[in-house]
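Student: entry-v5.txt is the file, holding compact mmCIF, C-alpha atoms:
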# COMPACT_ATOMS: atom_id res chain seq x y z
CA MET A 1 -80.48 6.71 48.19
CA ALA A 2 -81.54 5.15 51.46
CA ASN A 3 -85.26 5.39 50.72
CA ASP A 4 -85.17 3.59 47.37
CA LYS A 5 -87.46 0.59 47.17
CA VAL A 6 -85.87 -2.81 46.58
CA VAL A 7 -87.98 -4.91 44.26
CA LEU A 8 -87.72 -8.62 44.94
CA GLU A 9 -88.63 -10.88 42.13
CA ILE A 10 -89.42 -14.42 43.29
CA ASP A 11 -90.33 -17.27 41.04
CA PRO A 12 -93.11 -19.22 42.81
CA SER A 13 -91.86 -22.45 41.30
CA ASN A 14 -88.65 -22.03 43.27
CA ILE A 15 -90.40 -21.93 46.67
CA THR A 16 -90.30 -25.13 48.71
CA THR A 17 -92.15 -25.46 51.99
CA VAL A 18 -90.88 -27.17 55.14
CA PRO A 19 -92.85 -30.37 55.67
CA ASP A 20 -95.20 -30.32 58.68
CA GLU A 21 -93.68 -32.14 61.66
CA PRO A 22 -95.67 -32.84 64.77
CA LYS A 23 -94.65 -30.31 67.44
CA LYS A 24 -92.74 -31.85 70.33
CA LYS A 25 -94.54 -30.90 73.53
CA ASN A 26 -92.36 -29.30 76.18
CA PHE A 27 -94.57 -30.14 79.15
CA VAL A 28 -95.98 -33.12 80.95
CA TYR A 29 -99.59 -33.72 81.95
CA LYS A 30 -100.29 -33.95 85.66
CA ASP A 31 -103.34 -34.79 87.78
CA PRO A 32 -106.06 -34.83 85.13
CA TYR A 33 -109.67 -34.98 86.27
CA TRP A 34 -113.10 -34.68 84.74
CA SER A 35 -114.82 -31.36 84.66
CA ASN A 36 -117.73 -33.00 82.87
CA LYS A 37 -117.17 -36.57 81.81
CA GLU A 38 -120.29 -36.78 79.65
CA ALA A 39 -119.26 -33.71 77.72
CA LYS A 40 -115.71 -35.13 77.39
CA HIS A 41 -114.32 -32.16 79.27
CA MET A 42 -111.24 -32.55 81.45
CA ILE A 43 -108.92 -30.29 83.42
CA VAL A 44 -105.22 -31.04 83.51
CA THR A 45 -102.09 -29.41 84.93
CA LEU A 46 -99.28 -28.79 82.46
CA GLU A 47 -95.85 -28.87 84.06
CA TYR A 48 -92.94 -27.31 82.17
CA PRO A 49 -89.24 -28.23 82.54
CA ASP A 50 -88.51 -24.93 84.34
CA GLY A 51 -91.08 -25.80 87.02
CA ARG A 52 -93.84 -23.54 85.73
CA LYS A 53 -97.32 -24.94 85.94
CA SER A 54 -100.50 -24.02 84.18
CA THR A 55 -103.99 -25.40 84.12
CA ALA A 56 -105.54 -26.47 80.83
CA SER A 57 -109.14 -27.18 79.99
CA ILE A 58 -109.44 -29.85 77.32
CA GLN A 59 -112.68 -30.73 75.58
CA ASP A 60 -113.16 -33.23 72.80
CA LYS A 61 -116.43 -32.28 71.15
CA ASP A 62 -115.88 -34.04 67.84
CA GLY A 63 -113.39 -36.76 68.77
CA THR A 64 -110.40 -35.05 67.17
CA ASN A 65 -108.67 -33.29 70.08
CA PRO A 66 -105.13 -34.77 70.24
CA ASP A 67 -104.53 -33.54 73.82
CA TYR A 68 -107.67 -35.27 75.02
CA LYS A 69 -106.54 -38.47 73.34
CA ALA A 70 -103.00 -38.14 74.72
CA VAL A 71 -104.18 -37.65 78.31
CA LEU A 72 -106.56 -40.59 78.16
CA GLU A 73 -103.85 -42.80 76.67
CA GLU A 74 -101.33 -41.80 79.32
CA PHE A 75 -103.56 -42.02 82.40
CA GLY A 76 -106.60 -44.08 81.49
CA GLU A 77 -110.22 -43.36 82.35
CA GLU A 78 -109.98 -45.00 85.77
CA VAL A 79 -107.28 -42.62 87.00
CA LEU A 80 -109.33 -39.65 85.85
CA ASP A 81 -112.35 -41.04 87.70
CA GLU A 82 -110.28 -41.49 90.87
CA ASN A 83 -108.74 -38.02 90.62
CA THR A 84 -112.20 -36.53 90.13
CA ALA A 85 -113.55 -38.27 93.24
CA GLU A 86 -110.53 -37.12 95.30
CA GLY A 87 -110.91 -33.56 93.99
CA VAL A 88 -114.57 -33.46 94.94
CA LYS A 89 -113.69 -34.72 98.42
CA ARG A 90 -110.94 -32.12 98.76
CA ARG A 91 -113.26 -29.36 97.61
CA ASP A 92 -115.95 -30.45 100.08
CA GLU A 93 -113.38 -30.41 102.88
CA GLN A 94 -112.26 -26.93 101.91
CA ILE A 95 -115.86 -25.70 101.89
CA LYS A 96 -116.37 -27.30 105.31
CA LYS A 97 -113.20 -25.67 106.64
CA ARG A 98 -114.21 -22.30 105.23
CA LEU A 99 -117.61 -22.54 106.87
CA GLU A 100 -116.02 -23.59 110.17
CA ARG A 101 -113.62 -20.65 109.99
CA LYS A 102 -116.53 -18.31 109.36
CA GLU A 103 -118.45 -19.80 112.27
CA THR A 104 -115.39 -19.42 114.52
CA GLU A 105 -115.06 -15.78 113.50
CA VAL A 106 -118.68 -15.12 114.45
CA VAL A 107 -118.24 -16.91 117.79
CA ARG A 108 -115.01 -15.03 118.46
CA ALA A 109 -116.61 -11.65 117.69
CA LYS A 110 -119.49 -12.40 120.06
CA GLN A 111 -117.13 -13.54 122.81
CA GLU A 112 -114.93 -10.48 122.33
CA GLN A 113 -117.96 -8.26 122.68
CA LEU A 114 -118.85 -9.92 125.98
CA PHE A 115 -115.28 -9.71 127.23
CA GLY A 116 -115.10 -6.07 126.16
CA ALA A 117 -118.22 -5.31 128.21
CA LYS A 118 -116.62 -6.93 131.28
CA LEU A 119 -113.43 -4.95 130.76
CA GLN A 120 -115.40 -1.72 130.53
CA SER A 121 -117.29 -2.58 133.68
CA PHE A 122 -114.10 -3.25 135.65
CA GLU A 123 -112.58 -0.04 134.34
CA ILE A 124 -115.20 1.92 136.30
CA ASP A 125 -113.44 2.96 139.52
CA ALA A 126 -116.54 2.31 141.63
CA VAL A 127 -116.62 -1.28 140.34
CA LYS A 128 -112.89 -1.84 140.49
CA ASP A 129 -112.59 -0.53 144.04
CA SER A 130 -115.83 -2.06 145.30
CA ASP A 131 -115.79 -4.64 148.10
CA ASN A 132 -118.98 -6.19 146.79
CA ILE A 133 -117.45 -9.53 145.91
CA LYS A 134 -120.80 -11.15 145.14
CA LEU A 135 -121.67 -8.66 142.41
CA LYS A 136 -118.14 -8.47 141.07
CA ARG A 137 -118.17 -12.24 140.63
CA LEU A 138 -121.51 -12.05 138.87
CA ILE A 139 -120.10 -9.49 136.44
CA ARG A 140 -117.11 -11.75 135.71
CA LYS A 141 -119.40 -14.75 135.20
CA ALA A 142 -121.98 -12.93 133.07
CA LYS A 143 -122.90 -14.64 129.81
CA SER A 144 -124.09 -11.63 127.84
CA PRO A 145 -123.24 -7.92 127.65
CA MET A 146 -126.74 -7.19 128.92
CA GLU A 147 -126.06 -9.24 132.05
CA VAL A 148 -122.78 -7.37 132.56
CA GLN A 149 -124.62 -4.08 132.27
CA ALA A 150 -127.38 -5.15 134.65
CA TYR A 151 -125.02 -6.34 137.41
CA THR A 152 -122.82 -3.27 136.95
CA THR A 153 -125.84 -1.03 137.42
CA ILE A 154 -126.94 -2.90 140.55
CA LEU A 155 -123.43 -2.63 141.99
CA LEU A 156 -123.29 1.09 141.28
CA MET A 157 -126.73 1.64 142.81
CA GLU A 158 -125.77 -0.29 145.95
CA THR A 159 -122.58 1.77 146.20
CA MET A 160 -124.60 4.97 145.89
CA ASP A 161 -127.04 3.78 148.56
CA GLU A 162 -124.14 2.96 150.89
CA GLN A 163 -122.66 6.40 150.31
CA LYS A 164 -126.01 8.02 151.10
CA GLU A 165 -126.35 6.07 154.33
CA SER A 166 -122.88 7.02 155.46
CA MET B 1 -89.43 -4.73 148.24
CA ASN B 2 -90.75 -8.20 148.86
CA LYS B 3 -90.85 -9.27 152.46
CA ARG B 4 -92.58 -12.56 151.97
CA ASN B 5 -90.63 -15.71 152.43
CA PRO B 6 -90.87 -18.37 149.69
CA GLU B 7 -89.95 -20.99 152.28
CA GLU B 8 -93.33 -20.34 153.86
CA PHE B 9 -95.33 -20.45 150.68
CA PRO B 10 -98.15 -22.97 150.39
CA GLU B 11 -97.39 -26.18 148.51
CA ASN B 12 -99.38 -25.15 145.45
CA GLY B 13 -99.77 -21.88 143.63
CA PHE B 14 -100.13 -20.00 140.38
CA ILE B 15 -97.47 -18.38 138.28
CA ILE B 16 -98.04 -15.67 135.68
CA VAL B 17 -95.23 -14.18 133.60
CA ALA B 18 -94.94 -10.82 131.85
CA SER B 19 -91.98 -9.65 129.82
CA LEU B 20 -90.93 -7.06 127.25
CA LYS B 21 -94.24 -5.17 127.06
CA GLU B 22 -95.92 -3.44 129.96
CA ARG B 23 -99.34 -4.39 128.64
CA PHE B 24 -98.55 -8.02 129.45
CA TYR B 25 -97.74 -7.05 133.03
CA LYS B 26 -101.03 -5.13 133.32
CA ALA B 27 -102.82 -8.23 132.03
CA ALA B 28 -100.91 -10.43 134.49
CA ILE B 29 -102.05 -8.32 137.44
CA GLU B 30 -105.64 -8.31 136.16
CA CYS B 31 -105.45 -12.08 135.85
CA ALA B 32 -104.17 -12.37 139.44
CA GLU B 33 -106.93 -10.04 140.61
CA SER B 34 -109.57 -12.21 138.95
CA VAL B 35 -108.22 -15.37 140.59
CA LYS B 36 -108.29 -13.65 144.00
CA LEU B 37 -111.85 -12.49 143.39
CA PHE B 38 -113.02 -16.09 143.26
CA TRP B 39 -110.43 -17.60 145.58
CA PRO B 40 -108.94 -15.05 147.97
CA GLU B 41 -106.67 -17.70 149.55
CA ALA B 42 -104.98 -18.57 146.27
CA HIS B 43 -101.25 -17.93 146.21
CA ILE B 44 -100.00 -16.14 143.11
CA THR B 45 -96.49 -15.33 141.92
CA VAL B 46 -95.98 -12.89 139.08
CA PHE B 47 -92.65 -12.87 137.25
CA VAL B 48 -91.80 -9.62 135.48
CA ASP B 49 -88.63 -8.45 133.76
CA HIS B 50 -89.06 -4.68 134.42
CA GLU B 51 -89.00 -3.67 138.09
CA GLU B 52 -90.19 -0.15 137.25
CA TRP B 53 -93.58 -1.46 136.11
CA ILE B 54 -94.47 -2.73 139.58
CA LYS B 55 -96.92 -0.47 141.42
CA PRO B 56 -97.53 -0.76 145.18
CA SER B 57 -101.20 -1.62 144.53
CA ASP B 58 -100.13 -4.67 142.50
CA TRP B 59 -99.22 -6.35 145.78
CA ASN B 60 -102.93 -6.39 146.63
CA HIS B 61 -103.42 -8.95 143.88
CA ALA B 62 -100.16 -10.87 143.66
CA ASP B 63 -98.60 -12.45 146.73
CA TYR B 64 -95.12 -12.46 145.30
CA ILE B 65 -93.68 -10.39 142.46
CA VAL B 66 -90.32 -11.52 141.16
CA HIS B 67 -88.21 -9.29 138.92
CA TRP B 68 -84.61 -10.19 139.72
CA GLU B 69 -82.89 -12.40 137.16
CA VAL B 70 -86.04 -12.58 135.05
CA PRO B 71 -84.68 -12.54 131.49
CA LYS B 72 -85.80 -9.84 129.09
CA HIS B 73 -86.94 -12.43 126.62
CA ILE B 74 -90.17 -13.04 124.74
CA ARG B 75 -90.35 -16.47 126.39
CA ALA B 76 -89.37 -15.45 129.92
CA LYS B 77 -92.27 -17.75 130.75
CA LEU B 78 -90.10 -20.77 130.01
CA TRP B 79 -87.40 -19.54 132.36
CA ALA B 80 -89.93 -18.88 135.12
CA LEU B 81 -91.44 -22.37 134.92
CA GLY B 82 -88.23 -23.99 136.13
CA ASN B 83 -88.03 -21.40 138.89
CA THR B 84 -91.44 -21.96 140.42
CA PRO B 85 -91.46 -21.14 144.13
CA TYR B 86 -94.06 -23.85 144.78
CA LYS B 87 -92.91 -27.23 146.09
CA GLY B 88 -96.07 -29.09 145.16
CA ILE B 89 -98.14 -28.24 142.10
CA THR B 90 -97.86 -25.11 139.99
CA CYS B 91 -100.61 -23.82 137.76
CA TYR B 92 -99.13 -21.80 134.93
CA LEU B 93 -101.43 -19.10 133.54
CA ASP B 94 -100.82 -17.04 130.40
CA ALA B 95 -101.11 -13.36 131.30
CA ASP B 96 -104.05 -12.89 128.95
CA MET B 97 -106.43 -14.95 131.04
CA VAL B 98 -109.13 -14.16 133.55
CA CYS B 99 -110.70 -16.38 136.15
CA GLN B 100 -114.47 -16.41 136.23
CA HIS B 101 -115.58 -19.27 138.46
CA GLU B 102 -115.31 -20.40 142.10
CA ASP B 103 -114.23 -23.86 140.97
CA VAL B 104 -110.76 -22.37 140.61
CA GLU B 105 -110.17 -23.49 144.19
CA ASN B 106 -110.28 -27.09 142.96
CA VAL B 107 -107.65 -26.52 140.29
CA PHE B 108 -104.80 -28.44 141.92
CA GLU B 109 -107.01 -31.48 142.39
CA GLN B 110 -107.25 -31.77 138.62
CA LEU B 111 -103.73 -33.18 138.40
CA PRO B 112 -104.00 -36.92 139.09
CA ASP B 113 -101.39 -38.46 141.40
CA ASP B 114 -99.94 -40.53 138.57
CA LEU B 115 -99.27 -37.51 136.33
CA ASP B 116 -96.59 -34.82 136.41
CA LEU B 117 -97.98 -32.49 133.77
CA LEU B 118 -101.47 -31.82 132.49
CA PHE B 119 -102.66 -29.66 129.62
CA THR B 120 -105.93 -28.99 127.86
CA LYS B 121 -106.15 -29.88 124.18
CA ILE B 122 -105.64 -27.42 121.35
CA ARG B 123 -108.75 -27.04 119.20
CA PRO B 124 -107.36 -27.20 115.63
CA TYR B 125 -110.24 -25.11 114.28
CA ASN B 126 -109.11 -22.25 116.49
CA ALA B 127 -105.32 -22.58 116.16
CA LYS B 128 -102.84 -21.17 113.68
CA VAL B 129 -100.76 -24.33 113.40
CA THR B 130 -101.35 -27.78 114.83
CA LYS B 131 -100.52 -30.26 112.09
CA LEU B 132 -96.81 -30.70 111.44
CA SER B 133 -97.05 -33.60 109.00
CA ASN B 134 -99.54 -36.29 108.05
CA THR B 135 -98.75 -38.20 111.21
CA GLU B 136 -97.57 -35.49 113.60
CA GLU B 137 -99.77 -32.99 115.37
CA MET B 138 -99.29 -30.66 118.30
CA THR B 139 -102.18 -31.28 120.67
CA ALA B 140 -101.23 -29.80 124.05
CA HIS B 141 -102.20 -26.18 124.68
CA CYS B 142 -99.18 -24.57 126.35
CA GLY B 143 -100.97 -21.45 127.58
CA TRP B 144 -102.32 -23.10 130.72
CA PHE B 145 -101.14 -26.21 132.50
CA LEU B 146 -100.49 -27.86 135.83
CA TYR B 147 -97.15 -29.38 136.71
CA ARG B 148 -95.47 -31.02 139.62
CA ASN B 149 -92.26 -29.82 141.20
CA ASN B 150 -90.12 -32.94 140.89
CA PRO B 151 -86.64 -33.20 139.35
CA HIS B 152 -87.67 -34.64 135.98
CA THR B 153 -90.53 -32.18 135.44
CA ILE B 154 -88.37 -29.21 136.40
CA LYS B 155 -85.68 -30.52 134.03
CA LEU B 156 -88.27 -30.64 131.25
CA MET B 157 -89.18 -27.02 131.96
CA GLU B 158 -85.52 -25.99 131.91
CA ASP B 159 -84.99 -27.91 128.68
CA TRP B 160 -88.03 -26.17 127.25
CA TYR B 161 -86.33 -22.80 127.70
CA GLY B 162 -82.95 -24.04 126.45
CA GLU B 163 -84.42 -25.79 123.42
CA TYR B 164 -86.56 -22.79 122.54
CA ILE B 165 -83.49 -20.57 122.49
CA ALA B 166 -81.57 -23.15 120.42
CA GLN B 167 -84.48 -23.48 118.00
CA ASN B 168 -84.45 -19.73 117.32
CA LEU B 169 -80.71 -19.14 117.32
CA HIS B 170 -79.60 -17.54 114.07
CA ASN B 171 -76.64 -15.81 112.48
CA ASP B 172 -76.13 -13.91 109.19
CA HIS B 173 -76.70 -17.10 107.24
CA GLY B 174 -80.00 -18.03 108.86
CA TYR B 175 -80.98 -20.40 111.63
CA VAL B 176 -78.10 -22.20 113.31
CA ASN B 177 -79.97 -25.36 114.29
CA ASP B 178 -81.80 -27.66 111.95
CA ILE B 179 -85.39 -28.57 112.78
CA GLY B 180 -85.78 -31.16 110.07
CA ASP B 181 -88.60 -30.89 107.57
CA TYR B 182 -90.80 -28.76 109.80
CA PRO B 183 -91.58 -25.29 108.48
CA ASP B 184 -89.53 -22.40 109.90
CA ASP B 185 -92.82 -20.77 110.88
CA VAL B 186 -93.16 -23.13 113.84
CA ARG B 187 -89.85 -22.03 115.37
CA LYS B 188 -91.54 -19.12 117.12
CA TRP B 189 -94.04 -21.38 118.90
CA ASP B 190 -92.98 -22.73 122.28
CA THR B 191 -95.71 -25.31 121.75
CA PHE B 192 -93.55 -26.81 119.02
CA THR B 193 -90.57 -27.02 121.39
CA MET B 194 -92.63 -28.76 124.05
CA TRP B 195 -94.11 -31.12 121.47
CA LYS B 196 -90.60 -32.09 120.32
CA LEU B 197 -89.43 -32.66 123.89
CA LEU B 198 -92.43 -34.81 124.76
CA GLU B 199 -92.47 -36.78 121.51
CA TYR B 200 -88.79 -37.22 120.80
CA GLY B 201 -87.01 -36.29 124.03
CA ASP B 202 -86.02 -38.78 126.72
CA THR B 203 -88.16 -37.23 129.44
CA LYS B 204 -89.62 -39.38 132.18
CA VAL B 205 -92.43 -36.89 132.70
CA LYS B 206 -95.86 -38.47 132.71
CA TRP B 207 -98.23 -36.16 130.95
CA LYS B 208 -101.66 -35.88 129.38
CA ASP B 209 -103.57 -33.23 127.49
CA ASP B 210 -107.11 -34.26 128.22
CA LEU B 211 -108.18 -31.82 130.93
CA HIS B 212 -111.63 -30.31 130.40
CA VAL B 213 -111.65 -27.20 128.25
CA ARG B 214 -113.38 -25.16 130.97
CA TRP B 215 -109.97 -24.67 132.59
CA ASN B 216 -108.56 -22.99 129.51
CA PHE B 217 -111.39 -21.76 127.33
CA VAL B 218 -109.85 -19.80 124.50
CA ASN B 219 -111.57 -17.00 122.62
CA GLY B 220 -113.06 -18.62 119.51
CA TYR B 221 -113.84 -22.01 121.07
CA LYS B 222 -117.35 -23.26 120.49
CA ASP B 223 -119.67 -23.11 123.50
CA SER B 224 -120.67 -26.72 122.79
CA GLU B 225 -117.15 -27.76 123.86
CA LEU B 226 -118.11 -26.88 127.41
CA GLU B 227 -120.70 -29.66 127.61
CA ASP B 228 -122.84 -27.61 130.03
CA GLU B 229 -119.88 -26.90 132.31
CA GLU B 230 -118.95 -23.32 133.15
CA ILE B 231 -115.76 -21.59 132.14
CA VAL B 232 -113.19 -21.32 134.93
CA PHE B 233 -110.43 -19.60 132.96
CA TRP B 234 -111.22 -17.45 129.96
CA HIS B 235 -108.29 -17.03 127.57
CA TYR B 236 -108.45 -13.93 125.41
CA THR B 237 -105.94 -12.26 123.13
CA ILE B 238 -104.55 -8.81 123.82
CA PRO B 239 -105.02 -6.74 120.66
CA GLU B 240 -101.69 -6.10 118.92
CA HIS B 241 -102.07 -2.30 119.04
CA GLU B 242 -102.57 -2.38 122.81
CA ILE B 243 -99.37 -4.34 123.35
CA HIS B 244 -97.37 -1.44 121.99
CA LEU B 245 -99.09 1.25 124.05
CA LYS B 246 -97.58 2.54 127.28
CA ARG B 247 -99.51 1.65 130.43
CA LYS B 248 -101.92 4.32 131.51
Would you mind writing the file out in structure tokens?
Tutor:
Amino acid sequence: MANDKVVLEIDPSNITTVPDEPKKKNFVYKDPYWSNKEAKHMIVTLEYPDGRKSTASIQDKDGTNPDYKAVLEEFGEEVLDENTAEGVKRRDEQIKKRLERKETEVVRAKQEQLFGAKLQSFEIDAVKDSDNIKLKRLIRKAKSPMEVQAYTTILLMETMDEQKES
Amino acid sequence: MNKRNPEEFPENGFIIVASLKERFYKAAIECAESVKLFWPEAHITVFVDHEEWIKPSDWNHADYIVHWEVPKHIRAKLWALGNTPYKGITCYLDADMVCQHEDVENVFEQLPDDLDLLFTKIRPYNAKVTKLSNTEEMTAHCGWFLYRNNPHTIKLMEDWYGEYIAQNLHNDHGYVNDIGDYPDDVRKWDTFTMWKLLEYGDTKVKWKDDLHVRWNFVNGYKDSELEDEEIVFWHYTIPEHEIHLKRK
């Protein structure tokens, strides 16, 4: 019958275990740096033969972490110190760049608003077709949307006055 | 349509180019109009690849509108540069610019006698790509510049067009011409082509890129760059969605 149980009888004295062998690591350590040197905490990139990369956090609280020992032996404390300093510099530069980008975005938005106001002003037929060069120049040169609005209003009022007179 | 004679043009003038999208042509005419507002005597040539876009009123703003032989190409600009009708100095303006200062009438005096070509500098904080490698950087802003009509400068302009086409030539297997270790992304920038020609070409053109930013103040530049000077040419960007709309 297919569902019958098979009883295995094993004599424990016949069991032999495979001796523990240190596992061969299939990656290399790259670019280690300190996350917190005092706490013996480092960050390291693990690079695998197929090109994959992963980031590992290694901490040696009780002095028994073999990875911690291996990284220090391979690179030395000085290299970790240097990598840490470079990393901090790189991070600071990225922060600076990010802030600059943000600042540029704000500036750009403000400038676009001003330019948009000028476009709107020149889309008004009475402005576009006006011969009032002085005021049209002032609208083009305006430094704020409010200024654009003010000069546009003056131009329109002058045009209305001219129309009344004629 | 045009009854004006290029032989009688003034020595110096502006060229603006619009191709492929009508919105660029609209911008080109607006740009010409803004130059005329501050300098009515300025001479302006607009190159356009679609004759049907030209309206009679456009002639109130541009002195000369050229459509014959203008290639229907995204960089028709590069073709037009070598075909400037001006015998002295040409000021090239991107279509998406407006003039906003009377000092525009001094523009041709900005090109020193010992130079053939003069740009403003790109501001890296406001540009998509400037750095090509650790030692190579594109610095000249190719959206506004002054150049002299002499054989070697005109040859550079013609090479600019030819090289740009070569740089973007591709078949089913990809790009035909190698551009070394530079990223393929830069192929679409004519700034890259000009940079290559100036850095690695054998041109005799004497050039600089240190003209004051007021002549080509791009949207996003910091006001502090102006150093209390006033903007002469404002350089904006036409929103992408507008480019694809038909002209009203």
Student: So that I can check the surroundings of Glu225 (chain B), please list as number ranges by chain every protein, DNA and RNA residue that reaches within 10 Å of it, counting all atoms listed in the file and ignoring chain neighbours fewer than 2 positions away.
Tutor: B: 123, 212-214, 217, 221-223, 227-229
Student: Identify, on the basis of all atoms listed in the file, every residue whose closest approach to Ser57 (chain A) does not exceed 8 Å; exclude the query and any residue fewer than 3 positions from it along the same chain; express the result as a list of chain:residue names.
Tutor: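 Near Ser57 (chain A), the qualifying residues are A:His41, A:Met42, A:Ile43, A:Val44.
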Student: Mind listing as a VMD selection string which residues of chain A are within 8 Å of chain B, counting only C-alpha atoms?
Tutor: chain A and resid 100 to 101 104 to 105 107 to 108 111 to 112 133 136 to 137 140 to 141
Student: Please provide as a list of chain:residue names all residues within 10 Å of region 115-118 of chain B, with the sequence filter that same-chain residues fewer than 6 positions apart are discarded (counting only C-alpha atoms).
Tutor: B:Ile89, B:Thr90, B:Cys91, B:Ala140, B:His141, B:Cys142, B:Trp144, B:Phe145, B:Leu146, B:Tyr147, B:Arg148, B:Asn149, B:Asn150, B:His152, B:Thr153, B:Ile154, B:Lys204, B:Val205, B:Lys206, B:Trp207, B:Lys208, B:Asp209, B:Asp210, B:Leu211
Student: Between CA of Leu93 (chain B) and CA of Gly143 (chain B), what distance in Å does the model show, to one decimal?
Tutor: 6.4 Å
Student: Work out how far apart CA of Phe47 (chain B) and CA of Asp96 (chain B) are and give it in Å to one decimal.
Tutor: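 So the two atoms, CA of Phe47 (chain B) and CA of Asp96 (chain B), lie 14.1 Å apart.
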Student: Using all atoms listed in the file, determine which residues lie at most 10 Å from Asn83 (chain A), disregarding the query and same-chain residues fewer than 6 positions distant; provide the list as a list in words.
Tutor: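 Surrounding residues, per the criterion: Asp31, Pro32, Tyr33, Trp34, Glu77 and Lys89 of chain A.
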Student: Store the residues picked out above in a file with C-alpha atoms, as a short mmCIF file (atom, residue, chain, number, x, y, z; two decimals), in the frame of the given file.
Tutor:
data_model
loop_
_atom_site.label_atom_id
_atom_site.label_comp_id
_atom_site.auth_asym_id
_atom_site.auth_seq_id
_atom_site.Cartn_x
_atom_site.Cartn_y
_atom_site.Cartn_z
CA ASP A 31 -103.34 -34.79 87.78
CA PRO A 32 -106.06 -34.83 85.13
CA TYR A 33 -109.67 -34.98 86.27
CA TRP A 34 -113.10 -34.68 84.74
CA GLU A 77 -110.22 -43.36 82.35
CA LYS A 89 -113.69 -34.72 98.42
#
Student: Any idea what's packed within 12 Å of Ile124 (chain A), counting only C-alpha atoms, ignoring anything in its chain fewer than 2 positions away? Could you give it as a PyMOL selection string?
Tutor: chain A and resi 117-122+126-130+136+149+152-153+155-156
Student: Between CA of Tyr92 (chain B) and CA of Ile15 (chain B), what distance in Å does the model show, to one decimal?
Tutor: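 CA of Ile15 (chain B) lies 5.1 Å from CA of Tyr92 (chain B).
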Student: Hey, can you pull every residue with an atom no more than 6 Å from (-90.8, -29.1, 78.1), using only C-alpha atoms, and send it as a list in words?
Tutor: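 In the file's frame, the residues around the point are Asn26, Phe27, Tyr48 and Pro49 of chain A.
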Student: Keeping C-alpha atoms for every residue in the selection just given, could you write it to a file as an mmCIF file, in the frame of the given file?
Tutor:
data_model
loop_
_atom_site.group_PDB
_atom_site.id
_atom_site.type_symbol
_atom_site.label_atom_id
_atom_site.label_comp_id
_atom_site.auth_asym_id
_atom_site.auth_seq_id
_atom_site.Cartn_x
_atom_site.Cartn_y
_atom_site.Cartn_z
ATOM 1 C CA ASN A 26 -92.360 -29.300 76.180
ATOM 2 C CA PHE A 27 -94.570 -30.140 79.150
ATOM 3 C CA TYR A 48 -92.940 -27.310 82.170
ATOM 4 C CA PRO A 49 -89.240 -28.230 82.540
#
Student: Restricting the calculation to only C-alpha atoms, which member of B:Thr130, B:Thr191, B:Asn5, B:Thr45 is positioned closest to Ala18 (chain B)?
Tutor: B:Thr45
Student: When you count all atoms listed in the file, which of these residues is closest to Ala56 (chain A): A:Lys30, A:Ala142, A:Asp20, A:Leu80?
Tutor: A:Lys30
Student: For a quick check of understanding, using all atoms listed in the file, which of B:Glu22, B:Glu137, B:Asp103, B:Asp202 has the smallest distance to Ile54 (chain B)?
Tutor: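 Smallest separation from Ile54 (chain B) among the options: B:Glu22.
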